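K.L.:
Here you go, query.cif (mmCIF, C-alpha atoms):
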data_work
#
loop_
_atom_site.label_atom_id
_atom_site.label_comp_id
_atom_site.auth_asym_id
_atom_site.auth_seq_id
_atom_site.Cartn_x
_atom_site.Cartn_y
_atom_site.Cartn_z
CA MET A 22 -13.78 -13.67 -32.14
CA GLU A 23 -13.07 -16.44 -29.60
CA VAL A 24 -9.31 -15.99 -30.07
CA PHE A 25 -9.67 -12.22 -29.67
CA GLY A 26 -11.64 -12.74 -26.44
CA TYR A 27 -8.83 -14.92 -25.10
CA LEU A 28 -6.04 -12.54 -26.10
CA ILE A 29 -7.58 -9.55 -24.27
CA PRO A 30 -7.14 -11.00 -20.73
CA TYR A 31 -3.75 -12.44 -21.75
CA GLY A 32 -2.64 -9.02 -22.98
CA LEU A 33 -3.93 -7.40 -19.78
CA GLU A 34 -1.96 -9.89 -17.73
CA TRP A 35 1.25 -8.90 -19.53
CA LEU A 36 0.36 -5.25 -19.12
CA ASN A 37 -0.25 -5.89 -15.42
CA LEU A 38 3.19 -7.51 -15.13
CA LEU A 39 5.07 -4.73 -16.90
CA VAL A 40 3.29 -1.85 -15.17
CA ARG A 41 3.70 -3.55 -11.77
CA TRP A 42 7.43 -3.90 -12.44
CA LEU A 43 7.64 -0.24 -13.44
CA HIS A 44 5.69 0.77 -10.33
CA ILE A 45 8.13 -1.09 -8.07
CA ILE A 46 11.15 0.46 -9.81
CA THR A 47 9.85 4.02 -9.61
CA GLY A 48 8.57 3.45 -6.06
CA ILE A 49 12.03 2.37 -4.94
CA ALA A 50 13.51 5.51 -6.52
CA TRP A 51 10.96 7.81 -4.85
CA ILE A 52 10.96 6.23 -1.41
CA GLY A 53 14.73 5.86 -1.49
CA ALA A 54 15.14 9.56 -2.23
CA SER A 55 12.61 10.44 0.47
CA PHE A 56 14.39 8.32 3.08
CA TYR A 57 17.77 9.72 2.07
CA PHE A 58 16.79 13.39 2.33
CA VAL A 59 15.02 12.94 5.67
CA TRP A 60 18.15 11.17 6.91
CA LEU A 61 20.28 13.98 5.50
CA ASP A 62 18.16 16.68 7.13
CA ASN A 63 18.37 14.89 10.47
CA SER A 64 22.09 14.12 10.18
CA ILE A 65 23.66 17.41 9.07
CA ARG A 66 25.50 19.39 11.70
CA PRO A 67 25.74 23.20 11.86
CA PRO A 68 29.10 24.76 10.96
CA ALA A 69 31.20 26.51 13.57
CA PRO A 70 30.03 30.08 14.32
CA GLY A 71 31.99 32.61 12.30
CA SER A 72 33.36 29.98 9.89
CA ASP A 73 33.35 30.55 6.13
CA LEU A 74 30.41 28.14 5.78
CA ALA A 75 28.39 30.01 8.38
CA LYS A 76 29.12 33.32 6.62
CA LYS A 77 27.90 31.80 3.34
CA GLY A 78 24.55 30.98 4.97
CA VAL A 79 25.13 27.22 5.25
CA MET A 80 22.72 25.78 7.82
CA GLY A 81 24.50 22.44 8.09
CA GLU A 82 26.79 19.99 6.35
CA LEU A 83 27.73 16.34 6.39
CA TRP A 84 30.75 14.34 5.35
CA ALA A 85 30.10 10.81 4.05
CA VAL A 86 31.92 8.10 2.16
CA HIS A 87 30.23 5.80 -0.33
CA GLY A 88 31.36 3.80 -3.33
CA GLY A 89 34.98 4.76 -2.83
CA GLY A 90 34.34 8.50 -2.84
CA PHE A 91 33.88 11.25 -0.27
CA TYR A 92 30.79 13.47 -0.31
CA ASN A 93 30.15 16.80 1.40
CA PRO A 94 26.47 17.83 1.05
CA GLN A 95 25.54 21.23 2.46
CA LYS A 96 22.16 22.74 3.25
CA TYR A 97 21.53 26.49 3.09
CA LEU A 98 19.25 28.21 5.55
CA VAL A 99 17.19 29.68 2.70
CA ALA A 100 19.26 29.72 -0.51
CA PRO A 101 22.85 30.26 -1.70
CA ALA A 102 24.00 33.74 -2.67
CA GLU A 103 24.05 32.74 -6.33
CA LEU A 104 21.84 30.27 -8.15
CA PRO A 105 23.93 27.39 -9.59
CA LYS A 106 23.81 26.74 -13.33
CA GLU A 107 22.59 23.16 -12.89
CA LEU A 108 19.91 22.31 -10.33
CA HIS A 109 18.43 18.83 -9.94
CA TRP A 110 14.71 18.58 -9.23
CA PHE A 111 13.40 15.53 -7.36
CA LYS A 112 9.96 15.23 -8.89
CA TRP A 113 9.81 12.60 -11.62
CA GLU A 114 10.40 9.81 -9.11
CA ALA A 115 7.13 10.80 -7.42
CA TYR A 116 5.18 11.47 -10.61
CA SER A 117 6.27 8.20 -12.24
CA THR A 118 5.39 6.20 -9.15
CA TRP A 119 1.87 7.62 -8.95
CA LEU A 120 1.21 7.36 -12.69
CA SER A 121 2.37 3.75 -12.85
CA GLY A 122 0.44 2.99 -9.64
CA PHE A 123 -2.78 4.46 -11.00
CA ALA A 124 -2.28 2.58 -14.27
CA LEU A 125 -1.83 -0.63 -12.27
CA LEU A 126 -4.94 0.13 -10.21
CA THR A 127 -6.89 0.58 -13.44
CA ILE A 128 -5.58 -2.61 -15.05
CA ALA A 129 -5.83 -4.89 -12.03
CA TYR A 130 -9.01 -3.51 -10.40
CA TYR A 131 -11.03 -1.15 -12.59
CA PHE A 132 -10.86 -3.27 -15.77
CA ASN A 133 -11.98 -6.29 -13.72
CA ALA A 134 -14.14 -4.55 -11.14
CA GLN A 135 -16.73 -7.32 -11.05
CA ALA A 136 -14.17 -9.76 -9.68
CA MET A 137 -11.72 -7.49 -7.84
CA MET A 138 -13.82 -4.63 -6.45
CA ILE A 139 -17.19 -6.11 -5.51
CA ASP A 140 -18.14 -8.42 -2.67
CA ARG A 141 -21.90 -9.02 -2.65
CA SER A 142 -21.80 -9.96 1.04
CA VAL A 143 -20.50 -6.44 1.74
CA ALA A 144 -22.42 -4.24 -0.68
CA ASP A 145 -24.44 -5.00 -3.82
CA LEU A 146 -22.78 -2.57 -6.23
CA THR A 147 -22.34 -2.31 -9.96
CA ALA A 148 -18.87 -2.19 -11.47
CA MET A 149 -19.24 1.53 -12.25
CA GLN A 150 -20.39 2.30 -8.72
CA SER A 151 -17.41 0.51 -7.19
CA VAL A 152 -14.96 2.34 -9.46
CA GLY A 153 -16.66 5.66 -8.68
CA ILE A 154 -16.33 5.01 -4.94
CA GLY A 155 -12.66 4.20 -5.33
CA LEU A 156 -11.91 7.34 -7.35
CA GLY A 157 -14.00 9.49 -5.02
CA PHE A 158 -11.92 8.47 -2.02
CA LEU A 159 -8.69 9.36 -3.84
CA VAL A 160 -9.93 12.89 -4.55
CA ALA A 161 -11.64 13.45 -1.20
CA GLY A 162 -8.61 12.19 0.72
CA TRP A 163 -6.34 14.85 -0.79
CA ILE A 164 -8.86 17.67 -0.37
CA VAL A 165 -9.50 16.96 3.32
CA TYR A 166 -5.80 16.44 4.07
CA ASP A 167 -4.78 19.66 2.31
CA LEU A 168 -7.44 21.69 4.10
CA LEU A 169 -6.22 20.33 7.44
CA CYS A 170 -2.63 21.27 6.55
CA ARG A 171 -3.70 24.85 5.83
CA SER A 172 -5.83 25.09 8.99
CA PRO A 173 -4.49 26.09 12.42
CA LEU A 174 -4.27 22.36 13.22
CA GLY A 175 -1.45 22.08 10.67
CA LYS A 176 0.84 24.01 13.02
CA HIS A 177 0.61 21.34 15.71
CA ASP A 178 2.45 18.28 14.40
CA LEU A 179 1.33 15.71 16.99
CA TRP A 180 -2.38 16.58 16.93
CA PHE A 181 -2.32 16.94 13.17
CA GLY A 182 -0.81 13.46 12.85
CA ILE A 183 -3.44 11.98 15.18
CA VAL A 184 -6.31 13.58 13.23
CA VAL A 185 -4.95 12.49 9.84
CA PHE A 186 -4.42 8.95 11.13
CA ALA A 187 -8.00 8.91 12.45
CA LEU A 188 -9.27 10.04 9.04
CA LEU A 189 -7.33 7.26 7.29
CA VAL A 190 -8.80 4.72 9.69
CA ALA A 191 -12.28 6.15 9.06
CA ALA A 192 -11.68 5.85 5.31
CA ALA A 193 -10.56 2.23 5.81
CA TRP A 194 -13.74 1.52 7.80
CA ALA A 195 -15.95 3.04 5.12
CA LEU A 196 -14.17 1.28 2.25
CA THR A 197 -14.35 -2.13 3.93
CA HIS A 198 -18.12 -1.61 4.17
CA LEU A 199 -18.41 -0.76 0.47
CA LEU A 200 -15.79 -2.76 -1.45
CA SER A 201 -14.14 -6.14 -1.22
CA GLY A 202 -11.46 -6.33 1.46
CA ARG A 203 -8.64 -6.46 -1.07
CA ALA A 204 -9.98 -3.45 -3.00
CA ALA A 205 -10.60 -1.53 0.23
CA TYR A 206 -7.00 -1.94 1.36
CA ILE A 207 -5.53 -1.01 -2.00
CA HIS A 208 -7.67 2.13 -2.15
CA VAL A 209 -6.52 3.26 1.28
CA GLY A 210 -2.98 2.87 -0.06
CA ALA A 211 -3.86 4.67 -3.29
CA MET A 212 -5.42 7.50 -1.27
CA ILE A 213 -2.23 7.90 0.77
CA GLY A 214 -0.13 7.71 -2.40
CA THR A 215 -2.29 10.40 -4.00
CA ILE A 216 -1.77 12.66 -0.98
CA MET A 217 1.98 12.07 -1.19
CA VAL A 218 2.30 12.88 -4.89
CA ALA A 219 -0.04 15.86 -4.58
CA ASN A 220 2.24 17.20 -1.85
CA VAL A 221 5.07 17.09 -4.37
CA ALA A 222 3.11 18.43 -7.34
CA MET A 223 0.98 21.04 -5.56
CA LEU A 224 3.23 22.32 -2.75
CA ILE A 225 6.83 21.19 -2.81
CA ILE A 226 7.76 21.75 -6.47
CA PRO A 227 5.70 24.98 -6.91
CA GLY A 228 7.30 26.39 -3.76
CA GLN A 229 10.76 25.51 -5.03
CA ARG A 230 9.97 27.14 -8.37
CA LYS A 231 8.97 30.35 -6.59
CA MET A 232 12.24 30.36 -4.68
CA VAL A 233 14.26 29.86 -7.87
CA ALA A 234 12.24 32.52 -9.69
CA ALA A 235 12.90 35.02 -6.88
CA MET A 236 16.64 34.40 -7.13
CA GLN A 237 16.59 34.71 -10.91
CA ALA A 238 14.85 38.06 -10.53
CA GLY A 239 17.60 39.23 -8.18
CA GLY A 240 15.46 39.03 -5.04
CA LYS A 241 15.59 36.97 -1.88
CA PRO A 242 13.45 33.79 -1.68
CA ASP A 243 10.65 33.72 0.85
CA PRO A 244 11.58 31.06 3.45
CA ILE A 245 7.90 30.15 3.93
CA HIS A 246 8.04 28.01 0.78
CA GLY A 247 10.88 25.95 2.21
CA LEU A 248 9.08 25.52 5.53
CA ARG A 249 5.89 24.32 3.81
CA ALA A 250 7.84 21.94 1.60
CA LYS A 251 9.66 20.52 4.61
CA GLN A 252 6.37 19.96 6.44
CA ARG A 253 4.87 18.02 3.53
CA SER A 254 8.10 16.06 3.02
CA VAL A 255 8.01 14.92 6.63
CA HIS A 256 4.38 13.85 6.23
CA ASN A 257 5.32 11.82 3.15
CA ASN A 258 8.11 10.18 5.12
CA TYR A 259 5.69 8.88 7.75
CA PHE A 260 3.26 7.68 5.07
CA THR A 261 5.82 5.42 3.39
CA LEU A 262 5.77 2.31 5.62
CA PRO A 263 1.94 2.06 5.71
CA VAL A 264 1.88 2.40 1.91
CA LEU A 265 4.54 -0.27 1.48
CA PHE A 266 2.53 -2.69 3.62
CA ILE A 267 -0.62 -2.04 1.61
CA MET A 268 1.30 -2.69 -1.62
CA ILE A 269 1.95 -6.26 -0.47
CA SER A 270 -1.27 -6.79 1.51
CA ASN A 271 -3.15 -8.44 -1.38
CA HIS A 272 -1.00 -11.53 -0.79
CA TYR A 273 -2.30 -11.90 2.77
CA ALA A 274 -6.04 -12.50 2.89
CA MET A 275 -5.84 -13.08 6.65
CA THR A 276 -5.64 -9.28 6.99
CA TYR A 277 -8.12 -7.89 4.47
CA GLN A 278 -10.67 -10.73 4.85
CA HIS A 279 -10.97 -10.34 8.60
CA ALA A 280 -14.35 -9.26 9.96
CA HIS A 281 -12.65 -6.11 11.28
CA ALA A 282 -10.20 -5.63 8.42
CA TRP A 283 -10.19 -1.86 8.89
CA LEU A 284 -9.02 -2.25 12.49
CA VAL A 285 -6.32 -4.73 11.44
CA LEU A 286 -5.07 -2.18 8.91
CA ALA A 287 -5.17 0.59 11.53
CA PHE A 288 -2.92 -1.36 13.90
CA ILE A 289 -0.46 -2.29 11.14
CA MET A 290 -0.29 1.30 9.85
CA ALA A 291 0.29 2.56 13.40
CA ALA A 292 3.13 0.05 13.80
CA GLY A 293 4.70 1.41 10.62
CA VAL A 294 4.49 4.98 11.90
CA PHE A 295 6.16 4.11 15.22
CA ILE A 296 8.95 2.20 13.48
CA ARG A 297 9.53 5.06 11.04
CA HIS A 298 9.64 7.53 13.94
CA PHE A 299 12.37 5.47 15.59
CA PHE A 300 14.59 5.80 12.51
CA ASN A 301 13.91 9.52 12.17
CA LEU A 302 14.99 10.08 15.78
CA ARG A 303 17.98 7.80 15.36
CA HIS A 304 19.24 9.95 12.49
CA LYS A 305 19.23 12.87 14.93
CA GLY A 306 21.36 10.93 17.36
CA ARG A 307 18.50 9.83 19.65
CA ILE A 308 17.91 6.11 20.12
CA GLU A 309 14.42 5.54 21.53
CA TRP A 310 13.80 1.78 21.63
CA ARG A 311 10.30 2.24 22.97
CA TYR A 312 9.03 3.18 19.50
CA PRO A 313 10.04 0.00 17.64
CA ALA A 314 8.95 -1.94 20.75
CA ILE A 315 5.48 -0.38 20.44
CA GLY A 316 5.45 -1.19 16.71
CA VAL A 317 6.38 -4.84 17.29
CA ALA A 318 3.83 -5.10 20.12
CA LEU A 319 1.09 -3.82 17.81
CA LEU A 320 2.03 -6.33 15.12
CA LEU A 321 2.08 -9.19 17.65
CA ALA A 322 -1.31 -8.09 18.97
CA VAL A 323 -2.73 -8.23 15.45
CA ALA A 324 -1.19 -11.64 14.80
CA VAL A 325 -2.75 -13.04 17.99
CA ALA A 326 -6.12 -11.35 17.48
CA ILE A 327 -6.69 -12.60 13.93
CA ALA A 328 -5.31 -16.11 14.47
CA PRO A 329 -7.82 -18.72 13.24
CA PRO A 330 -9.58 -20.81 15.91
CA ARG A 331 -8.40 -24.34 16.45
CA PRO A 332 -10.57 -26.66 14.33
CA ALA A 333 -12.95 -28.87 16.26
CA ALA A 334 -12.25 -32.58 16.27
CA THR A 335 -14.27 -34.40 13.62
CA ALA A 336 -14.89 -38.11 13.28
CA ALA A 337 -13.35 -39.76 10.24
CA ALA A 338 -15.69 -40.05 7.28
CA ALA A 339 -17.28 -43.44 6.67
CA ASP A 340 -16.43 -43.24 2.99
CA PRO A 341 -13.44 -40.97 2.25
CA ALA A 342 -13.81 -41.53 -1.49
CA ALA A 343 -17.39 -40.28 -1.46
CA GLN A 344 -16.40 -37.32 0.70
CA PHE A 345 -13.61 -36.36 -1.69
CA ALA A 346 -16.02 -36.73 -4.61
CA GLN A 347 -18.25 -34.13 -2.94
CA VAL A 348 -15.30 -31.77 -2.52
CA ARG A 349 -14.26 -32.23 -6.16
CA ALA A 350 -17.81 -31.46 -7.29
CA ILE A 351 -17.91 -28.28 -5.19
CA MET A 352 -14.56 -27.13 -6.52
CA HIS A 353 -15.55 -27.88 -10.09
CA GLU A 354 -18.67 -25.76 -9.63
CA ARG A 355 -17.17 -22.90 -7.58
CA CYS A 356 -13.40 -22.76 -8.14
CA LEU A 357 -12.36 -24.05 -11.56
CA SER A 358 -13.74 -21.06 -13.46
CA CYS A 359 -10.55 -19.27 -12.29
CA HIS A 360 -8.25 -21.99 -10.92
CA SER A 361 -7.89 -24.07 -14.04
CA ALA A 362 -5.39 -24.54 -16.85
CA LYS A 363 -7.98 -22.82 -19.04
CA PRO A 364 -10.01 -20.35 -16.91
CA THR A 365 -13.50 -19.44 -18.09
CA GLN A 366 -13.98 -16.46 -15.74
CA PRO A 367 -13.76 -13.19 -17.74
CA GLY A 368 -10.60 -11.23 -16.94
CA PHE A 369 -8.40 -14.26 -16.21
CA ALA A 370 -6.10 -15.63 -18.93
CA THR A 371 -4.27 -17.98 -16.55
CA ALA A 372 -4.99 -19.42 -13.13
CA PRO A 373 -4.30 -16.83 -10.37
CA ALA A 374 -0.84 -17.42 -8.87
CA GLY A 375 -0.58 -20.47 -11.16
CA ILE A 376 -2.83 -22.48 -8.83
CA ALA A 377 -5.04 -24.96 -10.71
CA PHE A 378 -7.35 -27.70 -9.40
CA ASP A 379 -7.99 -29.71 -12.56
CA THR A 380 -6.76 -33.02 -11.10
CA PRO A 381 -7.27 -34.85 -7.78
CA ASP A 382 -3.55 -34.61 -7.05
CA GLN A 383 -3.64 -30.80 -7.41
CA VAL A 384 -6.53 -30.60 -4.95
CA HIS A 385 -4.90 -32.94 -2.42
CA GLN A 386 -1.52 -31.16 -2.67
CA ARG A 387 -3.05 -27.81 -1.69
CA ALA A 388 -5.55 -29.09 0.86
CA ALA A 389 -4.25 -26.86 3.67
CA GLN A 390 -4.28 -23.77 1.42
CA ILE A 391 -7.80 -24.56 0.21
CA HIS A 392 -9.02 -24.91 3.81
CA GLN A 393 -7.40 -21.63 4.86
CA GLN A 394 -8.72 -19.59 1.92
CA VAL A 395 -12.18 -21.18 1.64
CA VAL A 396 -13.08 -22.06 5.24
CA GLU A 397 -11.00 -19.96 7.63
CA LEU A 398 -10.72 -16.70 5.67
CA LYS A 399 -13.59 -17.12 3.21
CA ALA A 400 -11.38 -15.19 0.80
CA MET A 401 -12.13 -17.60 -2.01
CA PRO A 402 -13.92 -17.69 -4.37
CA ILE A 403 -12.83 -14.08 -4.88
CA GLY A 404 -15.74 -11.80 -4.05
CA ASN A 405 -17.73 -15.08 -3.86
CA LEU A 406 -18.34 -14.68 -7.57
CA THR A 407 -19.56 -18.27 -7.90
CA ASN A 408 -21.83 -18.10 -4.84
CA MET A 409 -20.28 -20.82 -2.70
CA THR A 410 -22.65 -21.65 0.14
CA ASP A 411 -21.86 -22.08 3.84
CA ALA A 412 -22.90 -25.74 3.54
CA GLU A 413 -20.30 -26.25 0.80
CA ARG A 414 -17.62 -24.60 2.93
CA ALA A 415 -18.63 -26.92 5.79
CA THR A 416 -18.19 -29.93 3.50
CA ILE A 417 -14.65 -28.82 2.64
CA ALA A 418 -13.94 -28.19 6.36
CA ALA A 419 -15.13 -31.72 7.25
CA TRP A 420 -12.99 -33.25 4.49
CA PHE A 421 -9.91 -31.39 5.73
CA ALA A 422 -10.56 -32.22 9.39
CA ALA A 423 -10.89 -35.91 8.47
CA GLY A 424 -7.42 -35.89 6.98
CA ALA A 425 -8.03 -34.47 3.48
CA LYS A 426 -7.87 -37.98 1.99
#
Starting from the coordinates I provided, produce the structure as structure tokens.

P.N.:
Amino acid sequence: MEVFGYLIPYGLEWLNLLVRWLHIITGIAWIGASFYFVWLDNSIRPPAPGSDLAKKGVMGELWAVHGGGFYNPQKYLVAPAELPKELHWFKWEAYSTWLSGFALLTIAYYFNAQAMMIDRSVADLTAMQSVGIGLGFLVAGWIVYDLLCRSPLGKHDLWFGIVVFALLVAAAWALTHLLSGRAAYIHVGAMIGTIMVANVAMLIIPGQRKMVAAMQAGGKPDPIHGLRAKQRSVHNNYFTLPVLFIMISNHYAMTYQHAHAWLVLAFIMAAGVFIRHFFNLRHKGRIEWRYPAIGVALLLAVAVAIAPPRPAATAAAADPAAQFAQVRAIMHERCLSCHSAKPTQPGFATAPAGIAFDTPDQVHQRAAQIHQQVVELKAMPIGNLTNMTDAERATIAAWFAAGAK
């Protein structure tokens, strides 16, 4: 039974690795296709009036060279006169990304909710409650977004974007007051990802199917389906950079452990939107440097605002050996359940990120990292599972300030 109990977290770690790899692969395929088609839409040029292409209903075309070959993509105003025999559908990239992402969310967070989802200093929840909150935000996010798209507000791109951004920030605020900072961030990202894939599954692909069905029946497709699909595709395009940041955010506790983590995320997401807008305009032939400048300014403002305070000068300890012995005792009590060659914390088969503190040398080698995570960010112990006290953090801070001897 003991061996079986050890193999479960080890097996989950391998599953985490493989599903994470799959998620990255499919995400690259989906985002790459999204970026390409937005670029293509913004880069095509209308044919000459009265030309054969114009008579065929071609809205625009583009000549490109890549990989030693020449390409000539064309876009029709509504649809070609005849439906081609073979038609590629861009859908599985989106579906596979969301499915692998949700599987990863389940493996990394829901199966280990006690450690990854809950922070007792934020809200005293059960594992089931935290998972329910996370799932609820995924569903509610799509419903509210879709209703806004279908409302009169959906016809006004700028105001719609502002309202949706405000709702995402509100969701981030709520989640950071319910879940651990890391789980809050990842659920904002999962909510955006759910909106993106639902756009594909609920609007874009069904609309395209209706257009194809109309042509197969000998009729003319309704252009409204293409207009709706284009609107949702553009929304997805602006969502991509915020989602990509959130995918890597769990490596940077300085963001999600901040007292105002929701505001940090808001500024970083806004920077991503401005930078993405710059590229969208550039594809149309407009170079507006103010947009990336705003994005960089926002990122610099965040970096300055969340910078840790300079540590106060501390007198050297009278007995460094005794001081280090105190630190070792604290770490043995609060940290080694996870950060050890043989973790005892349920859900961990190996030390997170391979960081172990079994020996004095391992502790001394990572003194700066320990101080940052334990004292400055208070990101560790994760979710304060082992109930490290402020006095214990102060002891580690004093040891580090005295030279971490």

K.L.:
From the set A:Ala282, A:Asn271, A:Ile327, A:Ala100, which residue has the shortest atom-to-atom contact distance to Lys231 of chain A, counting all atoms listed in the file?

P.N.:
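Among A:Ala282, A:Asn271, A:Ile327, A:Ala100, it is A:Ala100 that comes nearest to Lys231 of chain A.
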
K.L.:
Contacts of Met236 of chain A at 12 Å or less, counting only C-alpha atoms, minus same-chain residues fewer than 3 places along, as a list in words?

P.N.:
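With the cut-off at 12 Å, the set is Val99, Ala100, Pro101, Ala102, Glu103, Leu104, Pro105, Gln229, Arg230, Lys231, Met232, Val233, Gly239, Gly240, Lys241, Pro242 and Asp243 of chain A.
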
K.L.:
Could you state which residues are captured by the PyMOL selection byres ((chain A and resi 355) around 8) in this file, as a PyMOL selection string?

P.N.:
chain A and resi 351-354+356-358+402+407-409

K.L.:
List as a list in words the protein and nucleic acid residues near Asp340 of chain A, meaning an atom at most 12 Å away when all atoms listed in the file are counted, but skip any in the same chain fewer than 6 places from it.

P.N.:
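My list of contacting residues is Ala346, Gln347, Trp420, Ala423 and Lys426 of chain A.
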
K.L.:
Between atom CA of Ala374 of chain A and atom CA of Arg41 of chain A, measure the distance and give it in Å to one decimal.

P.N.:
14.9 Å

K.L.:
Quick one: which residues end up in the PyMOL selection byres ((chain A and resi 330) around 12) for this structure, as a list in words?

P.N.:
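Taken over the shown coordinates, the PyMOL selection byres ((chain A and resi 330) around 12) returns Val325, Ala326, Ile327, Ala328, Pro329, Arg331, Pro332, Ala333, Gln393, Val396, Glu397 and Leu398 of chain A.
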
K.L.:
Out of A:Ala425, A:Val395, A:Leu125, A:Pro68, which residue has the shortest atom-to-atom distance to Ala342 of chain A when counting all atoms listed in the file?

P.N.:
A:Ala425

K.L.:
If we count all atoms listed in the file, what is near segment 28-34 of chain A at a cut-off of 12 Å, once residues fewer than 3 positions away on the same chain are taken out, given as a PyMOL selection string?

P.N.:
chain A and resi 22-25+37-41+124-125+127-133+363-374

K.L.:
Pick out the residues sitting within 8 Å of Thr261 of chain A, and hand them over as a PyMOL selection string; count only C-alpha atoms, and ignore anything fewer than 4 positions along from it in its own chain.

P.N.:
chain A and resi 52+257+265

K.L.:
Just the selected residues (C-alpha atoms), exported as a PDB file, in the coordinates of the input, please.

P.N.:
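Writing the result to selection.pdb gives the following:
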ATOM      1  CA  ILE A  52      10.960   6.230  -1.410  1.00  0.00           C
ATOM      2  CA  ASN A 257       5.320  11.820   3.150  1.00  0.00           C
ATOM      3  CA  LEU A 265       4.540  -0.270   1.480  1.00  0.00           C
TER       4      LEU A 265
END

K.L.:
Would you kindly return, as a PyMOL selection string, each protein, DNA or RNA residue with an atom no farther than 9 Å from any atom of segment 142-151 of chain A, considering only C-alpha atoms and excluding same-chain residues fewer than 3 positions away?

P.N.:
chain A and resi 131+133-135+138-139+154-156+197-201+404-405

K.L.:
Grab the atom CA of Ala324 of chain A to atom CA of His272 of chain A distance for me, in Å with one decimal place.

P.N.:
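Between these atoms lies a distance of 15.6 Å.
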
K.L.:
Calculate how many Å separate atom CA of Leu286 of chain A from atom CA of Tyr206 of chain A, rounding to one decimal.

P.N.:
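For atom CA of Leu286 of chain A relative to atom CA of Tyr206 of chain A, the distance reads 7.8 Å.
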
K.L.:
Running the PyMOL selection byres ((chain A and resi 48) around 9) on this model by hand, what would come out? Give it as a PyMOL selection string.

P.N.:
chain A and resi 43-47+49-53+114-115+117-119+122

K.L.:
Output the selection as a compact mmCIF listing (two decimals), in the frame of the given file - C-alpha atoms for each residue.

P.N.:
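Everything below was put into result-v4.txt:
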# COMPACT_ATOMS: atom_id res chain seq x y z
CA LEU A 43 7.64 -0.24 -13.44
CA HIS A 44 5.69 0.77 -10.33
CA ILE A 45 8.13 -1.09 -8.07
CA ILE A 46 11.15 0.46 -9.81
CA THR A 47 9.85 4.02 -9.61
CA ILE A 49 12.03 2.37 -4.94
CA ALA A 50 13.51 5.51 -6.52
CA TRP A 51 10.96 7.81 -4.85
CA ILE A 52 10.96 6.23 -1.41
CA GLY A 53 14.73 5.86 -1.49
CA GLU A 114 10.40 9.81 -9.11
CA ALA A 115 7.13 10.80 -7.42
CA SER A 117 6.27 8.20 -12.24
CA THR A 118 5.39 6.20 -9.15
CA TRP A 119 1.87 7.62 -8.95
CA GLY A 122 0.44 2.99 -9.64

K.L.:
Around the point (-4.8, 1.0, 10.3), in the coordinates given by the file, pick out the residues reaching within 9 Å, counting only C-alpha atoms, and return them as a PDB file with C-alpha atoms, keeping the file's coordinate frame.

P.N.:
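Listing of selection13.pdb after writing:
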ATOM      1  CA  PHE A 186      -4.420   8.950  11.130  1.00  0.00           C
ATOM      2  CA  ALA A 187      -8.000   8.910  12.450  1.00  0.00           C
ATOM      3  CA  LEU A 189      -7.330   7.260   7.290  1.00  0.00           C
ATOM      4  CA  VAL A 190      -8.800   4.720   9.690  1.00  0.00           C
ATOM      5  CA  ALA A 193     -10.560   2.230   5.810  1.00  0.00           C
ATOM      6  CA  PRO A 263       1.940   2.060   5.710  1.00  0.00           C
ATOM      7  CA  ALA A 282     -10.200  -5.630   8.420  1.00  0.00           C
ATOM      8  CA  TRP A 283     -10.190  -1.860   8.890  1.00  0.00           C
ATOM      9  CA  LEU A 284      -9.020  -2.250  12.490  1.00  0.00           C
ATOM     10  CA  VAL A 285      -6.320  -4.730  11.440  1.00  0.00           C
ATOM     11  CA  LEU A 286      -5.070  -2.180   8.910  1.00  0.00           C
ATOM     12  CA  ALA A 287      -5.170   0.590  11.530  1.00  0.00           C
ATOM     13  CA  PHE A 288      -2.920  -1.360  13.900  1.00  0.00           C
ATOM     14  CA  ILE A 289      -0.460  -2.290  11.140  1.00  0.00           C
ATOM     15  CA  MET A 290      -0.290   1.300   9.850  1.00  0.00           C
ATOM     16  CA  ALA A 291       0.290   2.560  13.400  1.00  0.00           C
ATOM     17  CA  ALA A 292       3.130   0.050  13.800  1.00  0.00           C
TER      18      ALA A 292
END

K.L.:
Choose the residue, out of A:Tyr97, A:Tyr166, A:Phe58, A:Phe158, that has the smallest atom-to-atom separation from Gly182 of chain A; count only C-alpha atoms.

P.N.:
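Checking each candidate against Gly182 of chain A, we get A:Tyr166 as the closest.
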
K.L.:
Here is a test: counting only C-alpha atoms, which residue of A:Ile164, A:Leu302, A:Val317, A:Ala343 is nearest to Thr215 of chain A?

P.N.:
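That would be A:Ile164, the residue with the smallest distance to Thr215 of chain A.
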